[in-house]
$ cat protein.cif   # mmCIF, C-alpha atoms
data_input
#
loop_
_atom_site.group_PDB
_atom_site.id
_atom_site.type_symbol
_atom_site.label_atom_id
_atom_site.label_comp_id
_atom_site.auth_asym_id
_atom_site.auth_seq_id
_atom_site.Cartn_x
_atom_site.Cartn_y
_atom_site.Cartn_z
ATOM 1 C CA MET A 9 -4.525 -23.178 -20.452
ATOM 2 C CA ALA A 10 -7.664 -24.462 -18.767
ATOM 3 C CA ALA A 11 -7.334 -27.850 -17.126
ATOM 4 C CA SER A 12 -10.386 -29.053 -19.048
ATOM 5 C CA SER A 13 -8.450 -28.817 -22.336
ATOM 6 C CA VAL A 14 -6.138 -31.592 -21.126
ATOM 7 C CA ARG A 15 -7.235 -35.245 -21.010
ATOM 8 C CA MET A 16 -5.347 -37.563 -18.681
ATOM 9 C CA ILE A 17 -5.577 -41.125 -17.415
ATOM 10 C CA ASP A 18 -4.108 -41.873 -13.987
ATOM 11 C CA ILE A 19 -2.876 -45.446 -14.317
ATOM 12 C CA ALA A 20 -2.171 -46.014 -10.608
ATOM 13 C CA VAL A 21 -4.446 -45.068 -7.716
ATOM 14 C CA ASN A 22 -4.629 -47.037 -4.460
ATOM 15 C CA PHE A 23 -8.252 -46.344 -3.612
ATOM 16 C CA THR A 24 -8.303 -49.375 -1.302
ATOM 17 C CA ASP A 25 -5.889 -47.582 1.032
ATOM 18 C CA SER A 26 -7.340 -46.606 4.417
ATOM 19 C CA MET A 27 -6.419 -42.933 3.870
ATOM 20 C CA PHE A 28 -9.325 -42.678 1.425
ATOM 21 C CA LYS A 29 -11.529 -43.928 4.276
ATOM 22 C CA GLY A 30 -10.210 -41.095 6.455
ATOM 23 C CA ILE A 31 -7.994 -43.444 8.503
ATOM 24 C CA TYR A 32 -4.316 -42.592 9.024
ATOM 25 C CA ASN A 33 -2.053 -44.952 11.005
ATOM 26 C CA GLY A 34 -5.111 -46.669 12.420
ATOM 27 C CA LYS A 35 -6.863 -43.495 13.596
ATOM 28 C CA GLN A 36 -10.019 -42.014 12.046
ATOM 29 C CA TYR A 37 -9.633 -38.334 11.158
ATOM 30 C CA HIS A 38 -12.426 -37.734 8.668
ATOM 31 C CA VAL A 39 -15.177 -39.437 6.695
ATOM 32 C CA ALA A 40 -14.502 -41.648 3.679
ATOM 33 C CA ASP A 41 -14.230 -39.252 0.769
ATOM 34 C CA ILE A 42 -13.549 -41.053 -2.507
ATOM 35 C CA GLN A 43 -16.431 -39.203 -4.165
ATOM 36 C CA ALA A 44 -14.948 -35.798 -3.282
ATOM 37 C CA VAL A 45 -11.540 -37.004 -4.493
ATOM 38 C CA LEU A 46 -13.083 -38.172 -7.756
ATOM 39 C CA SER A 47 -14.875 -34.864 -8.289
ATOM 40 C CA ARG A 48 -11.561 -33.023 -8.061
ATOM 41 C CA ALA A 49 -9.983 -35.491 -10.486
ATOM 42 C CA TRP A 50 -12.696 -35.095 -13.123
ATOM 43 C CA ARG A 51 -12.527 -31.288 -12.822
ATOM 44 C CA ALA A 52 -8.748 -31.389 -13.280
ATOM 45 C CA GLY A 53 -9.089 -33.168 -16.628
ATOM 46 C CA VAL A 54 -8.660 -36.780 -15.501
ATOM 47 C CA ASP A 55 -10.662 -38.925 -17.904
ATOM 48 C CA ARG A 56 -10.166 -42.383 -16.374
ATOM 49 C CA ILE A 57 -8.523 -43.938 -13.331
ATOM 50 C CA ILE A 58 -7.062 -47.414 -12.891
ATOM 51 C CA ILE A 59 -7.299 -48.696 -9.307
ATOM 52 C CA THR A 60 -4.412 -50.884 -8.216
ATOM 53 C CA GLY A 61 -4.933 -54.369 -6.808
ATOM 54 C CA GLY A 62 -2.032 -55.588 -4.659
ATOM 55 C CA SER A 63 -3.440 -58.789 -3.131
ATOM 56 C CA LEU A 64 -6.386 -61.087 -3.728
ATOM 57 C CA GLN A 65 -8.527 -59.262 -1.173
ATOM 58 C CA GLU A 66 -7.400 -55.821 -2.331
ATOM 59 C CA SER A 67 -8.153 -56.778 -5.936
ATOM 60 C CA LYS A 68 -11.686 -57.715 -4.905
ATOM 61 C CA GLU A 69 -12.081 -54.321 -3.215
ATOM 62 C CA ALA A 70 -10.601 -52.538 -6.240
ATOM 63 C CA LEU A 71 -13.132 -54.216 -8.528
ATOM 64 C CA SER A 72 -15.964 -53.284 -6.177
ATOM 65 C CA ILE A 73 -14.899 -49.622 -6.204
ATOM 66 C CA ALA A 74 -14.412 -49.657 -9.990
ATOM 67 C CA GLU A 75 -18.018 -50.761 -10.422
ATOM 68 C CA THR A 76 -19.255 -47.516 -8.853
ATOM 69 C CA ASP A 77 -18.284 -45.286 -11.803
ATOM 70 C CA GLY A 78 -17.964 -45.848 -15.540
ATOM 71 C CA ARG A 79 -14.618 -44.035 -15.559
ATOM 72 C CA LEU A 80 -13.006 -46.352 -13.005
ATOM 73 C CA PHE A 81 -11.085 -49.528 -13.877
ATOM 74 C CA CYS A 82 -8.754 -51.826 -11.953
ATOM 75 C CA THR A 83 -6.034 -54.458 -11.935
ATOM 76 C CA VAL A 84 -5.984 -57.932 -10.369
ATOM 77 C CA GLY A 85 -2.773 -59.334 -8.948
ATOM 78 C CA VAL A 86 -0.386 -59.706 -6.032
ATOM 79 C CA HIS A 87 2.304 -57.160 -5.187
ATOM 80 C CA PRO A 88 5.825 -58.577 -4.704
ATOM 81 C CA THR A 89 5.888 -57.650 -1.011
ATOM 82 C CA ARG A 90 2.693 -59.666 -0.470
ATOM 83 C CA CYS A 91 3.532 -62.814 -2.403
ATOM 84 C CA LYS A 92 3.735 -64.838 0.803
ATOM 85 C CA GLU A 93 -0.060 -64.799 0.711
ATOM 86 C CA PHE A 94 0.053 -67.599 -1.875
ATOM 87 C CA GLU A 95 1.759 -69.980 0.561
ATOM 88 C CA ASP A 96 0.110 -68.590 3.686
ATOM 89 C CA SER A 97 -3.242 -69.473 2.097
ATOM 90 C CA GLY A 98 -2.371 -73.150 2.575
ATOM 91 C CA ASP A 99 -3.100 -73.940 -1.067
ATOM 92 C CA PRO A 100 -1.117 -71.750 -3.515
ATOM 93 C CA GLU A 101 -2.810 -73.246 -6.575
ATOM 94 C CA LEU A 102 -6.290 -72.592 -5.200
ATOM 95 C CA HIS A 103 -5.222 -69.040 -4.365
ATOM 96 C CA PHE A 104 -4.047 -68.628 -7.942
ATOM 97 C CA GLN A 105 -7.326 -69.997 -9.305
ATOM 98 C CA GLU A 106 -9.220 -67.452 -7.189
ATOM 99 C CA LEU A 107 -7.193 -64.717 -8.894
ATOM 100 C CA VAL A 108 -8.079 -66.223 -12.269
ATOM 101 C CA SER A 109 -11.794 -66.269 -11.392
ATOM 102 C CA LEU A 110 -11.698 -62.702 -10.139
ATOM 103 C CA ALA A 111 -9.867 -61.491 -13.245
ATOM 104 C CA LYS A 112 -12.385 -63.241 -15.515
ATOM 105 C CA GLU A 113 -15.298 -61.751 -13.580
ATOM 106 C CA GLY A 114 -13.789 -58.263 -13.834
ATOM 107 C CA ILE A 115 -13.096 -58.637 -17.550
ATOM 108 C CA GLU A 116 -16.703 -59.679 -18.170
ATOM 109 C CA LYS A 117 -17.800 -56.539 -16.313
ATOM 110 C CA GLY A 118 -15.479 -54.421 -18.457
ATOM 111 C CA LYS A 119 -13.470 -53.314 -15.434
ATOM 112 C CA VAL A 120 -10.245 -55.330 -15.163
ATOM 113 C CA VAL A 121 -7.689 -54.013 -17.647
ATOM 114 C CA ALA A 122 -4.382 -55.525 -16.415
ATOM 115 C CA ILE A 123 -2.753 -58.175 -14.247
ATOM 116 C CA GLY A 124 -0.802 -56.780 -11.339
ATOM 117 C CA GLU A 125 0.557 -55.093 -9.432
ATOM 118 C CA CYS A 126 3.237 -57.747 -9.722
ATOM 119 C CA GLY A 127 7.009 -57.787 -10.019
ATOM 120 C CA LEU A 128 10.020 -57.588 -7.699
ATOM 121 C CA ASP A 129 10.820 -55.319 -4.753
ATOM 122 C CA TYR A 130 14.216 -55.842 -3.136
ATOM 123 C CA ASP A 131 13.936 -52.649 -1.054
ATOM 124 C CA ARG A 132 11.449 -54.297 1.312
ATOM 125 C CA LEU A 133 12.640 -57.861 1.695
ATOM 126 C CA GLN A 134 11.405 -57.876 5.301
ATOM 127 C CA PHE A 135 7.923 -58.485 3.875
ATOM 128 C CA CYS A 136 8.782 -61.225 1.389
ATOM 129 C CA PRO A 137 12.081 -62.947 0.485
ATOM 130 C CA PRO A 138 13.344 -62.691 -3.105
ATOM 131 C CA GLU A 139 12.877 -66.365 -3.981
ATOM 132 C CA ILE A 140 9.165 -66.238 -3.144
ATOM 133 C CA GLN A 141 8.818 -62.931 -4.987
ATOM 134 C CA LYS A 142 10.401 -64.416 -8.112
ATOM 135 C CA LYS A 143 8.336 -67.602 -7.941
ATOM 136 C CA TYR A 144 5.008 -65.791 -7.851
ATOM 137 C CA PHE A 145 6.039 -63.025 -10.220
ATOM 138 C CA GLU A 146 6.609 -65.765 -12.783
ATOM 139 C CA LYS A 147 3.321 -67.426 -11.845
ATOM 140 C CA GLN A 148 1.409 -64.248 -12.635
ATOM 141 C CA PHE A 149 2.643 -64.388 -16.229
ATOM 142 C CA ASP A 150 0.479 -67.518 -16.448
ATOM 143 C CA LEU A 151 -2.489 -65.461 -15.289
ATOM 144 C CA ALA A 152 -1.819 -62.664 -17.778
ATOM 145 C CA GLU A 153 -1.432 -65.138 -20.619
ATOM 146 C CA PHE A 154 -4.584 -67.018 -19.648
ATOM 147 C CA VAL A 155 -6.818 -63.922 -19.597
ATOM 148 C CA LYS A 156 -4.924 -62.159 -22.414
ATOM 149 C CA LEU A 157 -4.291 -58.922 -20.541
ATOM 150 C CA PRO A 158 -1.245 -56.635 -20.234
ATOM 151 C CA MET A 159 0.710 -56.517 -16.979
ATOM 152 C CA PHE A 160 0.962 -53.748 -14.416
ATOM 153 C CA LEU A 161 4.510 -54.141 -13.129
ATOM 154 C CA HIS A 162 6.556 -53.125 -10.099
ATOM 155 C CA MET A 163 10.361 -52.997 -10.140
ATOM 156 C CA ARG A 164 12.295 -51.652 -7.161
ATOM 157 C CA ALA A 165 16.029 -52.242 -6.650
ATOM 158 C CA ALA A 166 15.726 -55.470 -8.640
ATOM 159 C CA GLY A 167 16.512 -54.480 -12.225
ATOM 160 C CA LYS A 168 18.712 -57.442 -13.136
ATOM 161 C CA ASP A 169 16.354 -60.190 -11.918
ATOM 162 C CA PHE A 170 13.276 -58.339 -13.176
ATOM 163 C CA CYS A 171 14.635 -58.002 -16.718
ATOM 164 C CA GLU A 172 15.919 -61.583 -16.707
ATOM 165 C CA ILE A 173 12.435 -62.901 -15.885
ATOM 166 C CA LEU A 174 10.831 -60.567 -18.415
ATOM 167 C CA ALA A 175 13.237 -61.767 -21.113
ATOM 168 C CA ARG A 176 12.500 -65.413 -20.303
ATOM 169 C CA LYS A 177 8.758 -64.799 -20.403
ATOM 170 C CA LYS A 178 8.722 -62.481 -23.423
ATOM 171 C CA ASP A 179 6.836 -64.961 -25.620
ATOM 172 C CA ARG A 180 4.029 -65.050 -23.045
ATOM 173 C CA PHE A 181 4.089 -61.351 -22.288
ATOM 174 C CA ILE A 182 1.575 -59.326 -24.315
ATOM 175 C CA ALA A 183 2.638 -55.900 -23.055
ATOM 176 C CA GLY A 184 2.843 -53.910 -19.843
ATOM 177 C CA VAL A 185 3.964 -50.877 -17.904
ATOM 178 C CA ALA A 186 6.698 -50.677 -15.263
ATOM 179 C CA HIS A 187 4.928 -48.227 -13.002
ATOM 180 C CA SER A 188 6.327 -45.776 -10.434
ATOM 181 C CA PHE A 189 9.737 -45.946 -12.066
ATOM 182 C CA THR A 190 12.578 -44.695 -9.859
ATOM 183 C CA GLY A 191 15.497 -46.603 -11.379
ATOM 184 C CA SER A 192 18.798 -45.508 -12.859
ATOM 185 C CA ALA A 193 19.565 -44.591 -16.458
ATOM 186 C CA ASP A 194 20.871 -48.143 -16.961
ATOM 187 C CA ASP A 195 17.634 -49.585 -15.551
ATOM 188 C CA CYS A 196 15.685 -47.373 -17.925
ATOM 189 C CA ASP A 197 17.745 -48.504 -20.912
ATOM 190 C CA SER A 198 17.198 -52.144 -19.925
ATOM 191 C CA LEU A 199 13.424 -51.692 -19.777
ATOM 192 C CA LEU A 200 13.272 -49.811 -23.066
ATOM 193 C CA GLN A 201 14.795 -52.831 -24.795
ATOM 194 C CA PHE A 202 11.419 -54.533 -24.370
ATOM 195 C CA GLU A 203 9.443 -52.972 -27.213
ATOM 196 C CA ASN A 204 6.047 -53.702 -25.662
ATOM 197 C CA LEU A 205 6.891 -52.176 -22.269
ATOM 198 C CA TYR A 206 5.956 -48.656 -21.142
ATOM 199 C CA ILE A 207 7.338 -46.717 -18.175
ATOM 200 C CA GLY A 208 5.052 -45.043 -15.628
ATOM 201 C CA VAL A 209 6.177 -41.773 -14.047
ATOM 202 C CA ASN A 210 4.900 -40.182 -10.820
ATOM 203 C CA GLY A 211 6.142 -37.894 -8.045
ATOM 204 C CA CYS A 212 8.628 -40.510 -6.821
ATOM 205 C CA SER A 213 10.165 -40.436 -10.301
ATOM 206 C CA LEU A 214 10.790 -36.690 -10.078
ATOM 207 C CA LYS A 215 12.651 -36.150 -6.796
ATOM 208 C CA THR A 216 16.257 -35.559 -7.837
ATOM 209 C CA ALA A 217 18.217 -34.054 -10.712
ATOM 210 C CA GLU A 218 19.275 -37.596 -11.620
ATOM 211 C CA ASN A 219 15.599 -38.664 -11.687
ATOM 212 C CA LEU A 220 14.777 -35.825 -14.068
ATOM 213 C CA ASP A 221 17.677 -36.731 -16.350
ATOM 214 C CA VAL A 222 16.292 -40.265 -16.567
ATOM 215 C CA VAL A 223 12.765 -38.980 -17.302
ATOM 216 C CA LYS A 224 14.199 -36.782 -20.065
ATOM 217 C CA SER A 225 15.614 -39.923 -21.679
ATOM 218 C CA ILE A 226 12.288 -41.801 -21.775
ATOM 219 C CA PRO A 227 10.724 -41.417 -25.248
ATOM 220 C CA ILE A 228 7.262 -39.900 -24.978
ATOM 221 C CA GLU A 229 5.791 -42.783 -26.967
ATOM 222 C CA ARG A 230 6.953 -45.155 -24.176
ATOM 223 C CA MET A 231 5.712 -43.113 -21.211
ATOM 224 C CA MET A 232 2.595 -42.950 -19.045
ATOM 225 C CA ILE A 233 1.739 -40.738 -16.078
ATOM 226 C CA GLU A 234 0.287 -41.631 -12.699
ATOM 227 C CA THR A 235 0.011 -40.492 -9.090
ATOM 228 C CA ASP A 236 0.223 -43.812 -7.178
ATOM 229 C CA SER A 237 -1.908 -41.890 -4.691
ATOM 230 C CA PRO A 238 -2.196 -41.597 -1.752
ATOM 231 C CA TYR A 239 1.582 -41.939 -2.038
ATOM 232 C CA CYS A 240 4.269 -40.383 -4.258
ATOM 233 C CA GLU A 241 3.105 -36.773 -4.168
ATOM 234 C CA ILE A 242 5.385 -34.113 -5.647
ATOM 235 C CA LYS A 243 6.790 -32.317 -2.608
ATOM 236 C CA SER A 244 8.250 -28.803 -2.561
ATOM 237 C CA THR A 245 11.647 -30.378 -1.794
ATOM 238 C CA HIS A 246 11.613 -32.341 -5.064
ATOM 239 C CA VAL A 247 13.715 -30.926 -7.878
ATOM 240 C CA GLY A 248 10.783 -31.401 -10.267
ATOM 241 C CA SER A 249 8.493 -29.183 -8.165
ATOM 242 C CA LYS A 250 9.830 -26.050 -9.873
ATOM 243 C CA PHE A 251 7.786 -27.015 -12.940
ATOM 244 C CA VAL A 252 4.491 -27.458 -11.065
ATOM 245 C CA LYS A 253 1.830 -24.874 -11.923
ATOM 246 C CA SER A 254 -1.380 -26.528 -10.712
ATOM 247 C CA LEU A 255 -1.729 -26.138 -6.949
ATOM 248 C CA LEU A 256 -4.999 -26.817 -5.140
ATOM 249 C CA PRO A 257 -5.847 -25.593 -1.636
ATOM 250 C CA SER A 258 -5.046 -28.159 1.041
ATOM 251 C CA LYS A 259 -5.649 -28.594 4.765
ATOM 252 C CA LYS A 260 -4.281 -30.942 7.393
ATOM 253 C CA LYS A 261 -6.298 -34.080 8.068
ATOM 254 C CA GLU A 262 -7.103 -32.714 11.528
ATOM 255 C CA LYS A 263 -8.906 -29.800 9.845
ATOM 256 C CA TYR A 264 -10.506 -31.802 7.051
ATOM 257 C CA ASP A 265 -12.454 -29.846 4.462
ATOM 258 C CA GLU A 266 -14.213 -31.719 1.659
ATOM 259 C CA GLU A 267 -13.410 -28.865 -0.739
ATOM 260 C CA CYS A 268 -9.642 -29.165 -0.151
ATOM 261 C CA THR A 269 -7.021 -31.838 -0.651
ATOM 262 C CA VAL A 270 -5.484 -33.346 2.495
ATOM 263 C CA LYS A 271 -1.889 -32.314 3.145
ATOM 264 C CA GLY A 272 0.435 -35.271 2.721
ATOM 265 C CA ARG A 273 -2.161 -37.400 0.899
ATOM 266 C CA ASN A 274 -1.750 -37.547 -2.861
ATOM 267 C CA GLU A 275 -4.801 -37.569 -5.143
ATOM 268 C CA PRO A 276 -5.519 -38.374 -8.811
ATOM 269 C CA CYS A 277 -6.130 -34.682 -9.563
ATOM 270 C CA ASN A 278 -2.381 -34.208 -9.040
ATOM 271 C CA VAL A 279 -1.556 -36.269 -12.124
ATOM 272 C CA ARG A 280 -1.758 -32.871 -13.802
ATOM 273 C CA GLN A 281 1.340 -31.893 -11.798
ATOM 274 C CA VAL A 282 3.211 -34.931 -13.108
ATOM 275 C CA LEU A 283 2.292 -33.894 -16.637
ATOM 276 C CA GLU A 284 3.621 -30.397 -15.942
ATOM 277 C CA VAL A 285 6.946 -31.675 -14.609
ATOM 278 C CA VAL A 286 7.407 -34.028 -17.570
ATOM 279 C CA ALA A 287 6.707 -31.115 -19.914
ATOM 280 C CA GLY A 288 9.071 -28.853 -17.983
ATOM 281 C CA CYS A 289 12.032 -31.183 -17.829
ATOM 282 C CA LYS A 290 11.609 -32.121 -21.493
ATOM 283 C CA ARG A 291 11.151 -28.429 -22.431
ATOM 284 C CA ILE A 292 7.792 -29.057 -24.068
ATOM 285 C CA THR A 293 5.651 -25.943 -24.182
ATOM 286 C CA ASP A 294 2.485 -27.470 -25.654
ATOM 287 C CA ILE A 295 1.164 -29.425 -22.667
ATOM 288 C CA ASP A 296 -2.089 -30.164 -24.468
ATOM 289 C CA ARG A 297 -0.323 -32.088 -27.228
ATOM 290 C CA LEU A 298 1.857 -33.878 -24.671
ATOM 291 C CA SER A 299 -1.217 -34.995 -22.730
ATOM 292 C CA LYS A 300 -2.820 -36.202 -25.955
ATOM 293 C CA ALA A 301 0.203 -38.365 -26.795
ATOM 294 C CA LEU A 302 0.386 -39.850 -23.280
ATOM 295 C CA TYR A 303 -3.365 -40.461 -23.332
ATOM 296 C CA GLN A 304 -3.029 -42.425 -26.567
ATOM 297 C CA ASN A 305 -0.182 -44.490 -25.083
ATOM 298 C CA THR A 306 -2.427 -45.441 -22.195
ATOM 299 C CA CYS A 307 -5.350 -46.335 -24.449
ATOM 300 C CA ARG A 308 -3.053 -48.379 -26.641
ATOM 301 C CA LEU A 309 -2.145 -50.572 -23.658
ATOM 302 C CA PHE A 310 -5.258 -50.658 -21.472
ATOM 303 C CA PHE A 311 -8.137 -49.496 -23.689
ATOM 304 C CA PRO A 312 -7.249 -50.523 -27.279
ATOM 305 C CA HIS A 313 -10.921 -50.510 -28.296
ATOM 306 C CA ASP A 314 -11.008 -46.785 -27.517
ATOM 307 C CA LEU A 315 -8.121 -45.730 -29.740
ATOM 308 C CA ASP A 316 -9.633 -43.035 -31.883
ATOM 309 C CA SER A 317 -8.782 -41.502 -35.217
ATOM 310 C CA ALA A 318 -6.501 -39.072 -33.417
ATOM 311 C CA ALA A 319 -4.012 -41.852 -32.669
ATOM 312 C CA ASP A 320 -1.928 -41.279 -35.773
ATOM 313 C CA SER A 321 -1.881 -37.516 -35.318
ATOM 314 C CA ALA A 322 -0.934 -37.975 -31.653
ATOM 315 C CA LEU A 323 2.035 -40.082 -32.671
ATOM 316 C CA ALA A 324 3.023 -37.400 -35.151
ATOM 317 C CA ASP A 325 2.711 -34.857 -32.370
ATOM 318 C CA VAL A 326 5.136 -36.915 -30.269
ATOM 319 C CA HIS A 327 7.896 -36.719 -32.854
ATOM 320 C CA GLU A 328 7.240 -33.026 -33.405
ATOM 321 C CA ILE A 329 7.327 -31.971 -29.743
ATOM 322 C CA GLN A 330 10.277 -34.106 -28.643
#
$ encode --input "protein.cif" --output "C-alpha cells"
Amino acid sequence: MAASSVRMIDIAVNFTDSMFKGIYNGKQYHVADIQAVLSRAWRAGVDRIIITGGSLQESKEALSIAETDGRLFCTVGVHPTRCKEFEDSGDPELHFQELVSLAKEGIEKGKVVAIGECGLDYDRLQFCPPEIQKKYFEKQFDLAEFVKLPMFLHMRAAGKDFCEILARKKDRFIAGVAHSFTGSADDCDSLLQFENLYIGVNGCSLKTAENLDVVKSIPIERMMIETDSPYCEIKSTHVGSKFVKSLLPSKKKEKYDEECTVKGRNEPCNVRQVLEVVAGCKRITDIDRLSKALYQNTCRLFFPHDLDSAADSALADVHEIQ
C-alpha cells in the first residue's frame, strides 16, 4: 500500500528541541532542518502535526513554529518536571496569567488545540518534587476550563495520584489524551474508566512483550498515535519492531544528509511505523482503515470542526476490524 493512501496526525512532536536545530548535547552538527523533516512527514502521509509545549517559553516557541505552516498546531502548558518554573518566576499567579494570554492568542490564531503537556512524572523527581507537580497539574485544569480546550497529559510512574486528581477534576475536564503511554495493564484500565480520555501510543509504548499486550487491550476508538520525536523512536531491539515495514534511509549526525533521517533522532514521518506496529500486534490487516479510525479519534478531540461525513463509517470500521 502506498503511504499516500494513509492519513495520519502526529499528536506529539517536540520541534522546540535543539536536535531540530542540528544541536546535540550542546554541539552543532548540522543546520536547522525542520523544513526537511516536515517534507518527509507530508510525503509519508502525515496530515497534521501537534507541537508540544512544555514550559511557558517553549509554548511560545511552539506557537511561533506552528504559525509557519497551516498543517502545524501546538499545545500550551507546563510539563510536570518543569513546574518549579511557576514559583521560580517569583509570581506564580502572573506566570499562570501569561499562560492564559498565550493560550488565548494561539486559539485566536487557530493554532492552540490543547492545554499541556501537563500531568505527573515520578520517574524524574530530581527536576521537580511531587507536591509541586500536583499543585500545578491541578492549576492547569483551571487553564483548560477557562479556554475550553482538551488536555494533553503526561503520566509516568504516577498512576494512582494522576487518576485521583483526574477523578476530582472530572467536572472541569472536557477531554484529553494521556500521551506516550508506557504504563501497566492496571494503569491502562484505570485510564479507560474516564470515558473522555484517549491514550497516545509511540515507540516507548512498544518496547516489550508486556507493552504490546497492553496496547492490544486499548480499544481502537480510545487510541491515538504519535512519535514524541525527537525521542521515543522504535529501535530494532524493541519487540514491536518486527511489525515495522516503513524504513527510510538514515545517516549519523556527523554525516548529515538533508535527504536522510538522522540516526537516533526520531521524526514525525515515523508515526507510520507506530501505525504498523499497532496493526501488527492487533492483527489488523487493513492499515488504511485503521489509520482512518485513529485519524477520526484525533479530529474528535483536537479538531472537532473537521470531523467529516466519514466519521460514522470510521467508527463502524473500528468495530469491524477489531
$ closest_atom_pairs --input "protein.cif" --of "segment 65-170 of chain A" --to "segment 193-201 of chain A" --cutoff "10 Å" --atoms "all atoms listed in the file" --output "Markdown table"
| residue | atom | partner | partner_atom | distance |
| --- | --- | --- | --- | --- |
| A:Met163 | CA | A:Asp195 | CA | 9.7 |
| A:Ala165 | CA | A:Asp195 | CA | 9.4 |
| A:Ala166 | CA | A:Asp195 | CA | 9.3 |
| A:Gly167 | CA | A:Asp195 | CA | 6.0 |
| A:Lys168 | CA | A:Asp195 | CA | 8.3 |
| A:Phe170 | CA | A:Leu199 | CA | 9.4 |
$ resolve_selection --input "protein.cif" --expression "the PyMOL selection byres ((chain A and resi 245-254) around 6)" --output "PyMOL selection string"
chain A and resi 214-216+243-244+255+281+284-285+288
$ resolve_selection --input "protein.cif" --expression "the PyMOL selection byres ((chain A and resi 26-35) around 12)" --output "ChimeraX atom specification"
/A:21-25,36-46,66,69,73,237-239,260-266,269-276
$ residues_around --input "protein.cif" --residues "segment 231-236 of chain A" --least-positions-apart "4" --cutoff "10 Å" --atoms "all atoms listed in the file" --output "ChimeraX atom specification"
/A:16-23,57-60,185-188,205-212,223,226-227,240-242,274-283,286,299,301-306
$ resolve_selection --input "protein.cif" --expression "the PyMOL selection byres ((chain A and resi 120-124) around 7)" --output "list in words"
Gly61, Gly62, Phe81, Cys82, Thr83, Val84, Gly85, Val86, His87, Ala111, Gly114, Ile115, Gly118, Lys119, Glu125, Cys126, Ala152, Leu157, Pro158, Met159, Phe160, Leu161 and Phe310 of chain A
$ closest_residue --input "protein.cif" --among "A:Arg90, A:Val54, A:Leu110, A:Lys117" --to "Thr76 of chain A" --atoms "all atoms listed in the file"
A:Lys117
$ closest_residue --input "protein.cif" --among "A:Asn219, A:Ser13, A:Gln141, A:Thr293" --to "His162 of chain A" --atoms "all atoms listed in the file"
A:Gln141
$ closest_residue --input "protein.cif" --among "A:Gly191, A:Pro88, A:Gly78, A:Gly184" --to "Lys143 of chain A" --atoms "only C-alpha atoms"
A:Pro88
$ closest_residue --input "protein.cif" --among "A:Ser258, A:Ser47, A:Ser192, A:Gln105" --to "Leu64 of chain A" --atoms "only C-alpha atoms"
A:Gln105
$ closest_residue --input "protein.cif" --among "A:Asp99, A:Glu146, A:Leu71, A:Glu153" --to "Glu113 of chain A" --atoms "all atoms listed in the file"
A:Leu71
$ closest_residue --input "protein.cif" --among "A:Pro257, A:Phe135, A:Val14, A:Thr190" --to "Asp221 of chain A" --atoms "all atoms listed in the file"
A:Thr190
$ atom_distance --input "protein.cif" --atom1 "atom CA of Arg308 of chain A" --atom2 "atom CA of Ile182 of chain A"
12.1 Å
$ atom_distance --input "protein.cif" --atom1 "atom CA of Pro312 of chain A" --atom2 "atom CA of Asp169 of chain A"
29.8 Å
$ atom_distance --input "protein.cif" --atom1 "atom CA of Lys224 of chain A" --atom2 "atom CA of Ala287 of chain A"
9.4 Å
$ residues_around --input "protein.cif" --residues "Arg79 of chain A" --least-positions-apart "3" --cutoff "8 Å" --atoms "only C-alpha atoms" --output "PyMOL selection string"
chain A and resi 55-57+74
$ axis_aligned_box --input "protein.cif" --around "segment 267-275 of chain A" --padding-each-side "5 Å" --output "AutoDock Vina command-line options"
--center_x -6.5 --center_y -33.2 --center_z -1.0 --size_x 23.8 --size_y 18.7 --size_z 18.3
